Amino acid sequence: LTRNPTHCYPLLSGSSTSSVIMTKLKAHVLRTKNKGELLKQLEDLKNELATLRVAKVTGNSASKLAKIRVVRKDIARVLTVYNQLQKNALREAYGTKKYVPTDLRPKRTRAIRRRLSKREATAKTVKQAKKDSNFPTRRYAVKASA
């Protein structure tokens, strides 16, 4: 299985071999693709990894052994971009809703997440509100001594 030829270039050494080295996928290129294309790419990469592992067992060339690492990293890159797209879509869907799943909420720190909101912190009991309205703080006029 071969990948998109735009991600390949021929060996530039003096040898006349027609080998092709696969370059690693770039995240910014993957971000331009849609969900279907990403899943297709992921499937291709997994198939390629399976064939490389078979080649490893049969004892083929060392270049294929080195390629296993590149393909594994490419799979991780595709999955990362795919999961980011999914999460962004969910964030937009839950944008204005009252309840949002915990993994979509802002992380911050545990202490900040647990502290009282502004409304809760400034809330007063009925008794305290009555006291404040019936006995306001006194203001005194101080004569300036000149």
# chains A, B, ... in the order shown; residues from 1 in each chain; ligands from 1

$ residues_around --residues "Lys26 in chain A" --least-positions-apart "3" --cutoff "10 Å" --atoms "only C-alpha atoms" --output "list in words"
His7, Thr23, Val29, Leu30, Arg31, Asp74, Arg77 and Val78 of chain A

$ select_by_dssp --residues "chain A" --states "strand (DSSP E or B)" --output "PyMOL selection string"
chain A and resi 8-10+20-22

$ write_last_selection --atoms "N, CA, C and O atoms" --output "compact mmCIF listing (two decimals), in the first residue's frame"
# COMPACT_ATOMS: atom_id res chain seq x y z
N CYS A 8 5.69 11.86 -0.98
CA CYS A 8 6.83 11.00 -1.26
C CYS A 8 7.85 11.74 -2.12
O CYS A 8 7.50 12.64 -2.86
N TYR A 9 9.10 11.35 -2.00
CA TYR A 9 10.11 11.86 -2.92
C TYR A 9 11.15 10.79 -3.15
O TYR A 9 11.42 9.99 -2.27
N PRO A 10 11.75 10.75 -4.33
CA PRO A 10 12.73 9.70 -4.63
C PRO A 10 14.03 9.93 -3.88
O PRO A 10 14.33 11.04 -3.48
N VAL A 20 11.64 4.78 -2.78
CA VAL A 20 10.92 5.99 -2.39
C VAL A 20 10.88 6.05 -0.88
O VAL A 20 10.52 5.07 -0.23
N ILE A 21 11.27 7.20 -0.32
CA ILE A 21 11.22 7.39 1.13
C ILE A 21 9.95 8.17 1.45
O ILE A 21 9.67 9.19 0.81
N MET A 22 9.20 7.70 2.42
CA MET A 22 7.98 8.39 2.82
C MET A 22 8.33 9.46 3.86
O MET A 22 9.02 9.17 4.83

$ residues_around --residues "Thr80 in chain A" --least-positions-apart "2" --cutoff "12 Å" --atoms "only C-alpha atoms" --output "PyMOL selection string"
chain A and resi 26-28+30-31+38-39+42+73-78+82-87

$ select_by_dssp --residues "chain A" --states "alpha helix (DSSP H)" --output "number ranges by chain"
A: 27-30, 35-58, 62-93, 110-114, 118-122, 126-134

$ closest_residue --among "A:Ile112, A:Val81, A:Lys143, A:Thr102" --to "Thr32 in chain A" --atoms "only C-alpha atoms"
A:Val81
